[in-house]
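Source file my_file34.cif; content: mmCIF, C-alpha atoms and all ligand atoms.
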```
data_structure
#
loop_
_atom_site.label_atom_id
_atom_site.label_comp_id
_atom_site.auth_asym_id
_atom_site.auth_seq_id
_atom_site.Cartn_x
_atom_site.Cartn_y
_atom_site.Cartn_z
CA MET R 1 36.86 0.24 -39.64
CA LYS R 2 33.91 -1.79 -38.23
CA ILE R 3 34.57 -3.02 -34.70
CA LEU R 4 32.91 -5.70 -32.57
CA VAL R 5 33.55 -5.48 -28.81
CA LEU R 6 32.80 -8.65 -26.82
CA GLY R 7 31.84 -8.35 -23.16
CA GLN R 8 29.43 -6.67 -20.81
CA GLY R 9 31.35 -4.95 -18.02
CA ALA R 10 32.67 -1.53 -17.09
CA ARG R 11 35.94 -2.46 -18.79
CA GLU R 12 34.17 -2.94 -22.12
CA HIS R 13 32.18 0.25 -21.61
CA ALA R 14 35.46 2.09 -20.97
CA ILE R 15 37.02 0.57 -24.11
CA ILE R 16 34.02 1.72 -26.16
CA LYS R 17 34.09 5.22 -24.68
CA SER R 18 37.80 5.44 -25.45
CA LEU R 19 37.31 4.23 -29.05
CA ILE R 20 34.70 6.95 -29.56
CA GLY R 21 36.71 9.57 -27.65
CA THR R 22 39.80 8.94 -29.80
CA GLY R 23 38.05 9.14 -33.14
CA THR R 24 36.04 6.00 -33.99
CA PRO R 25 32.46 6.96 -34.98
CA ALA R 26 29.94 5.28 -32.65
CA GLU R 27 28.05 3.87 -35.66
CA LYS R 28 31.10 1.76 -36.51
CA ILE R 29 30.98 -0.08 -33.19
CA VAL R 30 28.77 -2.96 -32.11
CA ALA R 31 28.95 -4.64 -28.69
CA ALA R 32 27.83 -8.11 -27.63
CA PRO R 33 26.13 -8.60 -25.31
CA GLY R 34 26.82 -5.17 -23.73
CA ASN R 35 24.77 -3.66 -20.88
CA ALA R 36 22.38 -0.75 -20.35
CA GLY R 37 25.15 1.87 -20.36
CA ILE R 38 26.89 0.45 -23.43
CA ALA R 39 23.53 0.43 -25.23
CA ASN R 40 23.34 4.22 -24.69
CA ASP R 41 26.55 4.69 -26.65
CA VAL R 42 26.56 2.02 -29.40
CA ARG R 43 24.44 -0.73 -30.91
CA THR R 44 24.34 -3.91 -28.82
CA VAL R 45 23.42 -7.46 -29.74
CA GLU R 46 22.17 -9.12 -26.58
CA THR R 47 21.45 -12.45 -28.25
CA LEU R 48 25.03 -13.12 -29.37
CA ASN R 49 26.88 -15.42 -26.98
CA PRO R 50 30.39 -13.93 -26.65
CA ASN R 51 31.76 -17.33 -25.54
CA SER R 52 30.66 -19.21 -28.66
CA PRO R 53 33.45 -19.38 -31.27
CA GLU R 54 30.92 -20.34 -33.99
CA GLN R 55 28.37 -17.63 -33.20
CA VAL R 56 30.96 -14.87 -32.93
CA THR R 57 32.75 -15.87 -36.16
CA GLU R 58 29.47 -16.16 -38.06
CA PHE R 59 28.35 -12.74 -36.82
CA ALA R 60 31.69 -11.09 -37.63
CA LYS R 61 31.62 -12.50 -41.16
CA GLU R 62 28.01 -11.49 -41.78
CA ARG R 63 28.60 -7.91 -40.61
CA ALA R 64 32.01 -7.60 -42.32
CA ILE R 65 33.69 -6.74 -39.01
CA ASP R 66 37.29 -5.51 -39.45
CA LEU R 67 38.41 -5.91 -35.83
CA VAL R 68 37.11 -7.90 -32.87
CA ILE R 69 38.16 -6.71 -29.42
CA ILE R 70 37.75 -9.31 -26.69
CA GLY R 71 37.16 -7.81 -23.22
CA PRO R 72 36.84 -10.68 -20.69
CA GLU R 73 38.87 -13.87 -20.27
CA ALA R 74 35.99 -16.33 -20.82
CA PRO R 75 35.87 -15.97 -24.65
CA LEU R 76 39.68 -16.31 -24.77
CA VAL R 77 39.55 -19.52 -22.76
CA ALA R 78 36.70 -20.76 -24.99
CA GLY R 79 38.87 -20.31 -28.11
CA VAL R 80 36.95 -17.44 -29.69
CA SER R 81 40.11 -15.69 -30.95
CA ASP R 82 41.40 -18.94 -32.51
CA ALA R 83 38.16 -19.34 -34.49
CA LEU R 84 38.18 -15.70 -35.65
CA ARG R 85 41.83 -15.87 -36.69
CA ALA R 86 41.20 -19.10 -38.58
CA ALA R 87 38.44 -17.25 -40.46
CA GLY R 88 40.85 -14.44 -41.36
CA ILE R 89 39.28 -11.83 -39.07
CA ALA R 90 41.59 -9.49 -37.14
CA VAL R 91 41.19 -10.03 -33.41
CA PHE R 92 42.69 -8.28 -30.40
CA GLY R 93 42.85 -11.10 -27.85
CA PRO R 94 45.24 -14.04 -27.49
CA SER R 95 44.67 -17.63 -28.54
CA GLN R 96 43.38 -20.21 -26.09
CA ARG R 97 46.94 -21.48 -25.60
CA ALA R 98 48.47 -18.07 -24.97
CA ALA R 99 45.60 -17.14 -22.63
CA ALA R 100 46.75 -19.96 -20.34
CA LEU R 101 49.20 -17.36 -19.08
CA GLU R 102 46.21 -16.09 -17.08
CA GLY R 103 44.20 -19.30 -16.75
CA SER R 104 46.98 -21.44 -15.31
CA LYS R 105 49.23 -19.97 -12.64
CA SER R 106 51.62 -22.92 -12.93
CA PHE R 107 51.96 -22.35 -16.71
CA ALA R 108 52.69 -18.66 -16.00
CA LYS R 109 55.39 -19.68 -13.50
CA GLU R 110 56.96 -22.05 -16.06
CA VAL R 111 57.01 -19.33 -18.73
CA MET R 112 58.57 -16.86 -16.27
CA ALA R 113 61.20 -19.37 -15.18
CA ALA R 114 62.17 -20.12 -18.79
CA ALA R 115 62.22 -16.41 -19.70
CA GLY R 116 64.11 -15.31 -16.57
CA VAL R 117 61.27 -13.02 -15.45
CA PRO R 118 61.46 -11.96 -11.78
CA THR R 119 58.62 -13.40 -9.69
CA GLY R 120 57.98 -14.75 -6.19
CA MET R 121 59.20 -18.22 -5.24
CA ALA R 122 56.36 -20.70 -5.40
CA ARG R 123 55.61 -24.38 -4.92
CA GLU R 124 52.97 -26.37 -6.77
CA CYS R 125 50.97 -28.60 -4.42
CA SER R 126 48.39 -31.28 -5.07
CA THR R 127 47.81 -32.43 -1.47
CA ILE R 128 47.17 -30.61 1.81
CA GLU R 129 50.35 -32.16 3.22
CA GLU R 130 52.36 -30.50 0.45
CA VAL R 131 50.56 -27.20 1.15
CA GLU R 132 51.44 -27.49 4.86
CA SER R 133 55.07 -28.14 4.15
CA ALA R 134 55.29 -25.23 1.65
CA MET R 135 53.64 -22.93 4.20
CA ALA R 136 56.20 -23.99 6.80
CA ALA R 137 59.02 -23.32 4.32
CA PHE R 138 57.88 -19.81 3.32
CA GLY R 139 56.40 -18.72 6.69
CA ALA R 140 53.62 -16.17 7.33
CA PRO R 141 51.91 -14.25 5.84
CA TYR R 142 50.74 -17.13 3.68
CA VAL R 143 49.88 -16.67 0.00
CA ILE R 144 47.69 -19.50 -1.31
CA LYS R 145 46.55 -19.49 -4.94
CA ALA R 146 44.14 -21.78 -6.78
CA ASP R 147 45.76 -22.86 -10.04
CA GLY R 148 42.92 -21.89 -12.36
CA LEU R 149 40.30 -19.25 -13.09
CA ALA R 150 38.32 -18.64 -9.90
CA SER R 151 36.65 -15.27 -10.66
CA GLY R 152 39.05 -13.35 -8.43
CA LYS R 153 38.30 -15.62 -5.47
CA GLY R 154 41.22 -18.01 -5.86
CA VAL R 155 43.83 -16.10 -3.89
CA ILE R 156 44.11 -15.59 -0.15
CA VAL R 157 46.83 -13.66 1.66
CA THR R 158 46.60 -14.22 5.40
CA SER R 159 48.63 -14.82 8.54
CA ASP R 160 45.85 -17.05 9.86
CA ARG R 161 47.20 -20.56 9.31
CA GLN R 162 43.78 -22.17 9.63
CA ALA R 163 42.18 -19.78 7.10
CA ALA R 164 45.04 -20.48 4.67
CA LEU R 165 44.53 -24.23 5.00
CA ASP R 166 40.74 -23.95 4.66
CA HIS R 167 41.22 -21.97 1.45
CA ALA R 168 43.67 -24.58 0.13
CA ARG R 169 41.16 -27.36 0.92
CA ASN R 170 38.44 -25.51 -1.04
CA PHE R 171 40.55 -25.36 -4.19
CA ILE R 172 42.81 -28.40 -3.85
CA ASP R 173 41.14 -30.12 -6.82
CA MET R 174 42.37 -27.31 -9.11
CA GLY R 175 45.89 -27.60 -7.75
CA ILE R 176 47.38 -25.06 -5.33
CA LEU R 177 50.33 -22.73 -5.62
CA VAL R 178 51.89 -21.60 -2.34
CA GLU R 179 53.93 -18.47 -2.88
CA GLU R 180 56.35 -16.39 -0.83
CA PHE R 181 54.78 -13.17 0.48
CA LEU R 182 55.94 -10.11 -1.47
CA ASP R 183 55.86 -6.81 0.33
CA GLY R 184 55.49 -3.49 -1.51
CA GLN R 185 53.28 -1.26 -3.65
CA GLU R 186 51.25 -2.95 -6.37
CA VAL R 187 51.31 -1.70 -9.96
CA SER R 188 49.23 -2.78 -12.94
CA LEU R 189 50.97 -2.14 -16.24
CA PHE R 190 49.40 -3.08 -19.58
CA PHE R 191 51.26 -3.83 -22.80
CA LEU R 192 49.82 -4.11 -26.29
CA SER R 193 51.42 -7.11 -27.97
CA ASP R 194 51.37 -8.33 -31.57
CA GLY R 195 53.24 -11.50 -30.64
CA LYS R 196 56.70 -10.03 -31.32
CA THR R 197 56.71 -6.38 -30.29
CA VAL R 198 55.15 -4.78 -27.20
CA LEU R 199 54.04 -1.20 -26.52
CA PRO R 200 53.37 -0.01 -22.97
CA LEU R 201 50.25 1.81 -21.86
CA THR R 202 50.47 3.84 -18.64
CA PRO R 203 50.77 2.44 -15.08
CA ALA R 204 47.77 2.31 -12.76
CA GLN R 205 47.05 1.08 -9.26
CA ASP R 206 44.06 -1.05 -8.36
CA PHE R 207 42.40 -1.20 -4.91
CA LYS R 208 41.71 -4.91 -4.51
CA ARG R 209 40.22 -5.11 -1.02
CA ALA R 210 36.52 -4.46 -0.40
CA PHE R 211 36.79 -1.73 2.26
CA ASP R 212 38.75 1.39 3.20
CA ASP R 213 42.35 1.04 4.40
CA ASP R 214 42.63 -2.28 2.56
CA ALA R 215 40.32 -4.07 4.96
CA GLY R 216 37.99 -6.91 3.99
CA PRO R 217 38.20 -9.62 1.36
CA ASN R 218 39.80 -9.40 -2.09
CA THR R 219 37.45 -8.25 -4.86
CA GLY R 220 37.72 -7.81 -8.62
CA GLY R 221 38.85 -4.23 -7.86
CA MET R 222 37.08 -1.36 -6.06
CA GLY R 223 38.87 1.58 -7.67
CA ALA R 224 42.02 2.72 -9.42
CA TYR R 225 44.10 5.73 -10.35
CA SER R 226 46.65 6.70 -12.97
CA PRO R 227 49.43 7.84 -13.31
CA LEU R 228 51.50 6.74 -10.30
CA PRO R 229 53.60 9.79 -9.37
CA TRP R 230 55.69 7.80 -6.87
CA LEU R 231 57.13 5.34 -9.41
CA PRO R 232 60.90 5.41 -9.89
CA GLU R 233 62.18 6.78 -13.19
CA GLY R 234 62.65 4.12 -15.85
CA PHE R 235 60.04 1.81 -14.30
CA VAL R 236 58.02 1.26 -17.49
CA GLU R 237 61.15 0.61 -19.57
CA GLU R 238 62.43 -1.86 -16.98
CA VAL R 239 59.14 -3.80 -16.97
CA GLN R 240 59.14 -3.80 -20.76
CA GLU R 241 62.70 -5.18 -20.96
CA THR R 242 62.67 -7.60 -18.01
CA VAL R 243 59.04 -8.78 -17.99
CA ALA R 244 56.87 -8.08 -21.03
CA LEU R 245 59.28 -8.72 -23.89
CA PRO R 246 60.90 -11.89 -22.50
CA THR R 247 57.42 -13.29 -21.73
CA VAL R 248 56.08 -12.58 -25.21
CA HIS R 249 59.23 -14.04 -26.79
CA GLU R 250 59.05 -17.20 -24.67
CA LEU R 251 55.38 -17.67 -25.63
CA ALA R 252 56.29 -17.26 -29.32
CA ARG R 253 59.03 -19.88 -28.85
CA LEU R 254 56.38 -22.24 -27.45
CA GLY R 255 54.24 -21.61 -30.53
CA ALA R 256 51.71 -19.62 -28.48
CA GLU R 257 52.06 -16.11 -29.91
CA PHE R 258 50.49 -13.57 -27.59
CA VAL R 259 48.37 -11.12 -29.59
CA GLY R 260 46.39 -8.86 -27.32
CA LEU R 261 46.74 -7.17 -23.97
CA LEU R 262 49.41 -8.43 -21.61
CA TYR R 263 48.44 -7.31 -18.11
CA CYS R 264 51.44 -7.34 -15.80
CA GLY R 265 50.44 -7.38 -12.11
CA LEU R 266 53.57 -6.30 -10.26
CA ILE R 267 54.85 -5.63 -6.77
CA LEU R 268 57.65 -3.14 -6.28
CA THR R 269 59.59 -4.81 -3.46
CA ALA R 270 62.70 -3.55 -1.70
CA ARG R 271 64.62 -6.07 -3.85
CA GLY R 272 63.10 -4.90 -7.12
CA ILE R 273 60.14 -5.56 -9.40
CA ARG R 274 58.35 -8.91 -9.06
CA VAL R 275 55.45 -10.28 -11.13
CA ILE R 276 52.52 -11.50 -9.03
CA GLU R 277 50.25 -12.36 -11.92
CA PHE R 278 49.62 -12.02 -15.62
CA ASN R 279 46.25 -11.51 -17.19
CA ALA R 280 45.55 -11.97 -20.87
CA ARG R 281 43.12 -9.04 -21.12
CA PHE R 282 42.52 -5.46 -19.99
CA GLY R 283 42.14 -5.13 -16.19
CA ASP R 284 38.96 -3.92 -14.57
CA PRO R 285 38.85 -1.20 -13.12
CA GLU R 286 42.36 -0.09 -14.25
CA THR R 287 41.19 0.19 -17.88
CA GLN R 288 38.73 2.88 -16.85
CA VAL R 289 41.58 5.20 -15.76
CA VAL R 290 44.25 4.12 -18.27
CA LEU R 291 42.05 4.60 -21.34
CA ARG R 292 40.46 7.76 -19.93
CA ARG R 293 43.94 9.32 -20.27
CA LEU R 294 44.70 7.93 -23.75
CA VAL R 295 45.04 10.50 -26.51
CA THR R 296 46.23 8.29 -29.42
CA PRO R 297 43.42 6.67 -31.48
CA LEU R 298 42.72 3.35 -29.73
CA ALA R 299 41.25 1.58 -32.77
CA GLY R 300 44.48 2.08 -34.75
CA LEU R 301 46.65 0.76 -31.91
CA LEU R 302 44.55 -2.36 -31.35
CA HIS R 303 44.27 -3.04 -35.08
CA LYS R 304 48.06 -2.77 -35.46
CA ALA R 305 48.52 -5.22 -32.58
CA ALA R 306 45.96 -7.60 -34.07
CA THR R 307 47.68 -7.57 -37.47
CA GLY R 308 51.33 -7.86 -36.44
CA GLN R 309 52.22 -4.23 -37.16
CA LEU R 310 53.13 -2.82 -33.76
CA ALA R 311 56.72 -2.22 -34.84
CA ASN R 312 55.36 0.54 -37.12
CA ALA R 313 53.20 2.12 -34.42
CA THR R 314 54.20 5.16 -32.39
CA GLU R 315 54.09 4.89 -28.60
CA PRO R 316 50.64 5.62 -27.22
CA GLU R 317 50.31 9.11 -25.79
CA PHE R 318 48.54 9.97 -22.53
CA THR R 319 47.30 13.28 -21.16
CA LYS R 320 49.10 14.68 -18.09
CA ASP R 321 45.70 15.01 -16.44
CA VAL R 322 45.09 12.35 -13.82
CA ALA R 323 42.24 9.87 -13.67
CA ILE R 324 40.63 8.06 -10.79
CA THR R 325 37.76 5.63 -10.72
CA VAL R 326 35.53 4.63 -7.82
CA VAL R 327 33.49 1.44 -8.13
CA LEU R 328 29.95 1.30 -6.79
CA ALA R 329 29.17 -2.23 -5.58
CA SER R 330 25.87 -3.73 -4.60
CA GLU R 331 24.98 -4.80 -1.08
CA GLY R 332 27.01 -7.74 0.20
CA TYR R 333 29.64 -7.67 -2.57
CA PRO R 334 31.93 -9.64 -2.75
CA THR R 335 30.61 -12.22 -0.27
CA SER R 336 26.92 -12.36 -1.22
CA SER R 337 24.71 -11.17 -4.05
CA ALA R 338 21.85 -8.68 -3.79
CA PRO R 339 18.54 -8.85 -5.66
CA ASN R 340 18.02 -6.54 -8.67
CA ARG R 341 17.32 -3.03 -7.41
CA ALA R 342 16.58 0.33 -9.02
CA ILE R 343 19.46 2.75 -9.35
CA THR R 344 18.89 6.51 -9.77
CA GLY R 345 20.84 9.77 -10.04
CA LEU R 346 23.16 8.82 -12.91
CA THR R 347 22.05 11.65 -15.20
CA ALA R 348 22.72 14.22 -12.48
CA ALA R 349 26.11 12.66 -11.69
CA GLU R 350 27.15 12.77 -15.35
CA GLN R 351 26.38 16.51 -15.70
CA ASP R 352 29.90 17.27 -14.44
CA GLU R 353 32.27 17.46 -17.43
CA HIS R 354 35.02 15.77 -15.38
CA ILE R 355 32.87 12.68 -14.92
CA SER R 356 32.00 9.71 -17.08
CA ILE R 357 30.28 6.57 -15.87
CA ALA R 358 31.14 3.10 -17.08
CA HIS R 359 28.32 0.63 -16.47
CA ALA R 360 29.01 -2.94 -15.35
CA ALA R 361 25.90 -4.68 -14.03
CA THR R 362 22.94 -2.63 -15.24
CA ARG R 363 19.77 -3.47 -17.12
CA VAL R 364 16.77 -1.44 -18.24
CA GLU R 365 13.36 -2.71 -17.18
CA GLY R 366 10.41 -0.54 -18.15
CA ASP R 367 11.30 2.97 -17.00
CA ASP R 368 13.79 1.74 -14.42
CA LEU R 369 17.50 1.22 -14.55
CA LEU R 370 18.28 -1.85 -12.48
CA ALA R 371 21.53 -2.84 -10.79
CA THR R 372 21.91 -6.58 -11.26
CA GLY R 373 24.48 -7.27 -8.55
CA GLY R 374 28.24 -7.34 -7.93
CA ARG R 375 30.21 -4.37 -9.19
CA VAL R 376 27.49 -2.13 -10.66
CA LEU R 377 29.36 0.79 -12.21
CA SER R 378 32.58 2.79 -12.22
CA VAL R 379 32.54 6.55 -11.74
CA VAL R 380 35.53 7.87 -13.70
CA SER R 381 36.96 11.32 -13.01
CA LEU R 382 39.59 13.20 -15.03
CA ALA R 383 41.17 16.39 -13.64
CA LYS R 384 44.37 18.38 -13.28
CA SER R 385 45.18 16.96 -9.84
CA PHE R 386 44.26 13.96 -7.70
CA ARG R 387 42.69 16.28 -5.15
CA LYS R 388 40.32 17.66 -7.82
CA ALA R 389 39.71 14.26 -9.41
CA ARG R 390 38.70 12.86 -6.02
CA LYS R 391 36.43 15.82 -5.27
CA HIS R 392 34.55 15.39 -8.57
CA ALA R 393 34.38 11.60 -8.31
CA TYR R 394 32.98 11.58 -4.79
CA GLU R 395 30.52 14.43 -5.47
CA ALA R 396 29.25 12.41 -8.43
CA ILE R 397 28.95 9.09 -6.61
CA GLU R 398 27.07 10.75 -3.75
CA GLN R 399 24.35 11.72 -6.23
CA ILE R 400 23.79 8.10 -7.22
CA TYR R 401 21.31 6.13 -5.16
CA LEU R 402 21.23 2.34 -4.92
CA ALA R 403 19.85 0.82 -1.73
CA GLY R 404 22.50 -1.04 0.28
CA SER R 405 25.35 -0.18 -2.09
CA HIS R 406 28.89 0.59 -0.97
CA TYR R 407 32.10 2.11 -2.30
CA ARG R 408 35.57 2.88 -0.99
CA LYS R 409 36.23 6.45 0.20
CA ASP R 410 40.02 6.25 0.05
CA ILE R 411 40.71 5.79 -3.68
CA ALA R 412 43.86 7.81 -4.56
CA LYS R 413 43.71 9.46 -1.12
CA ALA R 414 47.39 8.89 -0.37
CA VAL R 415 48.55 10.44 -3.67
CA ALA R 416 46.16 13.37 -3.22
CA ASP R 417 47.50 13.96 0.31
CA ALA R 418 51.08 13.82 -0.98
CA GLU R 419 50.16 16.45 -3.61
CA GLU R 420 48.90 18.81 -0.92
CA ASN R 421 52.19 18.47 0.92
CA ASP R 422 54.25 19.34 -2.18
P1 LIG G 501 46.39 -12.47 -7.98
O1 LIG G 501 45.03 -12.98 -8.36
O2 LIG G 501 47.49 -13.43 -8.19
O3 LIG G 501 46.64 -11.10 -8.56
O4 LIG G 501 46.31 -12.12 -6.43
C1 LIG G 501 45.31 -11.26 -5.89
C2 LIG G 501 45.93 -10.29 -4.93
O5 LIG G 501 46.60 -10.99 -3.86
C3 LIG G 501 47.03 -9.45 -5.54
O6 LIG G 501 46.55 -8.34 -6.20
C4 LIG G 501 47.84 -9.08 -4.34
O7 LIG G 501 47.25 -8.00 -3.63
C5 LIG G 501 47.78 -10.31 -3.50
N1 LIG G 501 48.94 -11.16 -3.76
C6 LIG G 501 49.07 -12.11 -4.71
N2 LIG G 501 50.29 -12.72 -4.65
C7 LIG G 501 50.95 -12.12 -3.64
C8 LIG G 501 52.25 -12.31 -3.07
N3 LIG G 501 53.09 -13.23 -3.50
N4 LIG G 501 52.59 -11.51 -2.03
C9 LIG G 501 51.72 -10.58 -1.54
N5 LIG G 501 50.49 -10.36 -2.04
C10 LIG G 501 50.09 -11.13 -3.06
N1 LIG G 502 41.72 -5.45 -11.57
C1 LIG G 502 42.23 -6.75 -11.60
C2 LIG G 502 41.88 -7.53 -12.78
O1 LIG G 502 41.32 -7.04 -13.74
O2 LIG G 502 42.15 -8.72 -12.78
#
```

Is it possible to give me this structure as structure tokens?
Amino acid sequence: MKILVLGQGAREHAIIKSLIGTGTPAEKIVAAPGNAGIANDVRTVETLNPNSPEQVTEFAKERAIDLVIIGPEAPLVAGVSDALRAAGIAVFGPSQRAAALEGSKSFAKEVMAAAGVPTGMARECSTIEEVESAMAAFGAPYVIKADGLASGKGVIVTSDRQAALDHARNFIDMGILVEEFLDGQEVSLFFLSDGKTVLPLTPAQDFKRAFDDDAGPNTGGMGAYSPLPWLPEGFVEEVQETVALPTVHELARLGAEFVGLLYCGLILTARGIRVIEFNARFGDPETQVVLRRLVTPLAGLLHKAATGQLANATEPEFTKDVAITVVLASEGYPTSSAPNRAITGLTAAEQDEHISIAHAATRVEGDDLLATGGRVLSVVSLAKSFRKARKHAYEAIEQIYLAGSHYRKDIAKAVADAEEND
């Protein structure tokens, strides 16, 4: 099977590593545009624009690609999967219409309401007066969401009324959703969907805030771990029955079959499971830990989803070993961007057999590897316990040098501490 992976982040690098690790020969994979780390593992085509439906379809036809895997949301929103499907090429990634589940928070709320999926109460607002009155109705802390794709910057959770209103003013043109505050542990759970049937992957937790102890602004994600030993029994089955399946069925009823990865962002509140968001693609950095634990051949699973055959697939299997990932971010992330800077020490860090490194923002220039800003890479560690996984991950990241960079020191710390107290 010849596979094209679209995207250029650590998520795509993790997908490619998992394809290879579960049996796909590296020569069968091509990535576009990829990054410096991806180019070490498979062939990359830097000139192909992953957001161009025409270019991607043309390329896939020319190279006789059997399966296209779409990593980021931008190609989905641009209609790349629609064009590929129209050309008869199997694609893992939902149509433009189905991807609105991620792109439009108000559409997601409508789908959830129709499907009876548990989520926070919310009000759609198009003026600041409406925002003020919704804030007064729900009370603090305030949850203000821009109703569109805002690169992870569209949501603010704050008790500072002025900051909430300032945020709403910034995004009012997109439309604003004011939501009730949901208190509890966050869980990311991914489902493969072929439009009719869903299969769960394994739960993970993302660390969204920039700094230790959940301080600082929201980011794309600074680290993650999997599995979540504290989850109640039957959690995955409950999410499948009450969230994933009804959502996929409602989308099918609307004529927007969801073929791809349904990312359920959940909060486990005292009153039960609530959806805080859907994404129409693999999460980053959760993918790095989820797929690091996958044992079942990934290519077969994604191909079955892409071709409507999930009902014949066996449930994906995961190792009992645990995985954590720590993200190395460049200076100033997420509030400002740093200039390109040399990054060293990766070869030494990767000597440890527990460690693999997924590149995000890297580029080769002459003899140097450059970090090009934002989230630069994910150090992924697989071990028998969280304590060991943390030890290996942090020993590895300490060997990597990038001027001004930062990372969180508390990824999976609470679960590792709980292990020691067992
Ligand atoms: P979203 O982009 O919708 O996932 O929101 C980003 C982050 O804001 C989430 O991961 C949560 O940490 C937080 N968040 C979103 N909605 C809520 C809510 N209703 N209550 C509490 N926290 C929330
Ligand atoms: N880690 C959150 C996301 O991928 O949206």

Exercise. Return the single residue from R:Gly345, R:Gly195, R:Gly139, R:Gly255 that is closest to ligand LIG 501 (chain G), with distances computed using all atoms listed in the file.
Key: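 Closest to ligand LIG 501 (chain G) of all the choices is R:Gly139.
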
How close does chain R get to ligand LIG 502 (chain G)? List, as a Markdown table, each residue of chain R within 8 Å, its nearest atom pair and the distance in Å to one decimal, counting all atoms listed in the file.
```
| residue | atom | partner | partner_atom | distance |
| --- | --- | --- | --- | --- |
| R:Gly152 | CA | G:LIG502 | O2 | 7.1 |
| R:Asp206 | CA | G:LIG502 | N1 | 5.9 |
| R:Phe207 | CA | G:LIG502 | N1 | 7.9 |
| R:Lys208 | CA | G:LIG502 | N1 | 7.1 |
| R:Gly220 | CA | G:LIG502 | N1 | 5.5 |
| R:Gly221 | CA | G:LIG502 | N1 | 4.8 |
| R:Asn279 | CA | G:LIG502 | O2 | 6.6 |
| R:Arg281 | CA | G:LIG502 | O1 | 7.9 |
| R:Phe282 | CA | G:LIG502 | O1 | 6.6 |
| R:Gly283 | CA | G:LIG502 | O1 | 3.2 |
| R:Asp284 | CA | G:LIG502 | O1 | 4.0 |
| R:Pro285 | CA | G:LIG502 | N1 | 5.4 |
| R:Glu286 | CA | G:LIG502 | N1 | 6.0 |
```

Practice problem: Give me the residues within 8 Å of segment 290-295 of chain R as a ChimeraX atom specification, counting all atoms listed in the file and dropping any in the same chain fewer than 6 places off. | Solution: /R:14-15,18,22,201-204,226,316-323,380,382

Practice problem: Excluding Asp417 of chain R and any residue of its chain fewer than 4 positions from it, enumerate the residues within 12 Å of it, using all atoms listed in the file, and give them as a PyMOL selection string. | Solution: chain R and resi 385-388+390+410-413+421-422

Quiz item: In terms of the shortest atom-to-atom distance over all atoms listed in the file, which of R:Gly184, R:Pro229, R:Gly93, R:Gly79 is closest to Val415 of chain R?
Solution: R:Pro229

Practice problem: Could you tell me which of R:Lys17, R:Lys153, R:His354, R:His392 comes closest to Asn218 of chain R if we count all atoms listed in the file? | Solution: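 The closest residue to Asn218 of chain R is R:Lys153.
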
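In this structure, atom CA of Arg161 of chain R sits 17.3 Å away from atom CA of Ala122 of chain R.
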
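Distances here use all atoms listed in the file; by that measure, the residue among R:Leu6, R:Val68, R:Met112, R:Val275 closest to ligand LIG 501 (chain G) is R:Val275.
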
Self-check item: Residues within 12 Å of (15.2, -0.7, -16.6), file coords, only C-alpha atoms, listed as a PyMOL selection string
Solution: chain R and resi 35-37+340-344+361-372

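Candidate residues R:Ser381, R:Thr127, R:Ser188, R:Ser159 were compared for distance to Tyr142 of chain R, and the nearest is R:Ser159, using all atoms listed in the file.
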
Sort by chain and increasing residue number a table of all residues of segment 86-127 of chain R within 12 Å of segment 242-248 of chain R, each with its closest pair of atoms and their distance in Å to one decimal, counting only C-alpha atoms, and write it as CSV.
```
residue,atom,partner,partner_atom,distance
R:Pro94,CA,R:Val248,CA,11.2
R:Ala98,CA,R:Val248,CA,9.4
R:Ala99,CA,R:Val248,CA,11.7
R:Leu101,CA,R:Thr247,CA,9.5
R:Phe107,CA,R:Thr247,CA,11.7
R:Ala108,CA,R:Thr247,CA,9.2
R:Lys109,CA,R:Thr247,CA,10.6
R:Glu110,CA,R:Thr247,CA,10.4
R:Val111,CA,R:Thr247,CA,6.8
R:Met112,CA,R:Thr247,CA,6.6
R:Ala113,CA,R:Thr247,CA,9.7
R:Ala114,CA,R:Thr247,CA,8.8
R:Ala115,CA,R:Pro246,CA,5.5
R:Gly116,CA,R:Pro246,CA,7.6
R:Val117,CA,R:Val243,CA,5.4
R:Pro118,CA,R:Val243,CA,7.4
R:Thr119,CA,R:Val243,CA,9.5
```

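Compared by their closest atoms to Glu257 of chain R, and using only C-alpha atoms, the residues R:Gln240, R:Thr335, R:Asn51, R:Ser193 rank with R:Ser193 nearest.
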
Exercise. Can you work out the spacing between atom CA of Val80 of chain R and atom CA of Gly148 of chain R in Å, to one decimal?
Key: 18.9 Å

Take segment 108-112 of chain R, model N, CA and C atoms, and hand the result over as a short mmCIF file (atom, residue, chain, number, x, y, z; two decimals), in the coordinates of the input.
```
data_model
loop_
_atom_site.label_atom_id
_atom_site.label_comp_id
_atom_site.auth_asym_id
_atom_site.auth_seq_id
_atom_site.Cartn_x
_atom_site.Cartn_y
_atom_site.Cartn_z
N ALA R 108 52.06 -19.99 -16.07
CA ALA R 108 52.69 -18.66 -16.00
C ALA R 108 54.05 -18.75 -15.30
N LYS R 109 54.11 -19.52 -14.23
CA LYS R 109 55.39 -19.68 -13.50
C LYS R 109 56.44 -20.36 -14.39
N GLU R 110 56.00 -21.35 -15.17
CA GLU R 110 56.96 -22.05 -16.06
C GLU R 110 57.49 -21.09 -17.12
N VAL R 111 56.58 -20.28 -17.70
CA VAL R 111 57.01 -19.33 -18.73
C VAL R 111 58.00 -18.33 -18.12
N MET R 112 57.68 -17.85 -16.92
CA MET R 112 58.57 -16.86 -16.27
C MET R 112 59.93 -17.47 -15.96
#
```
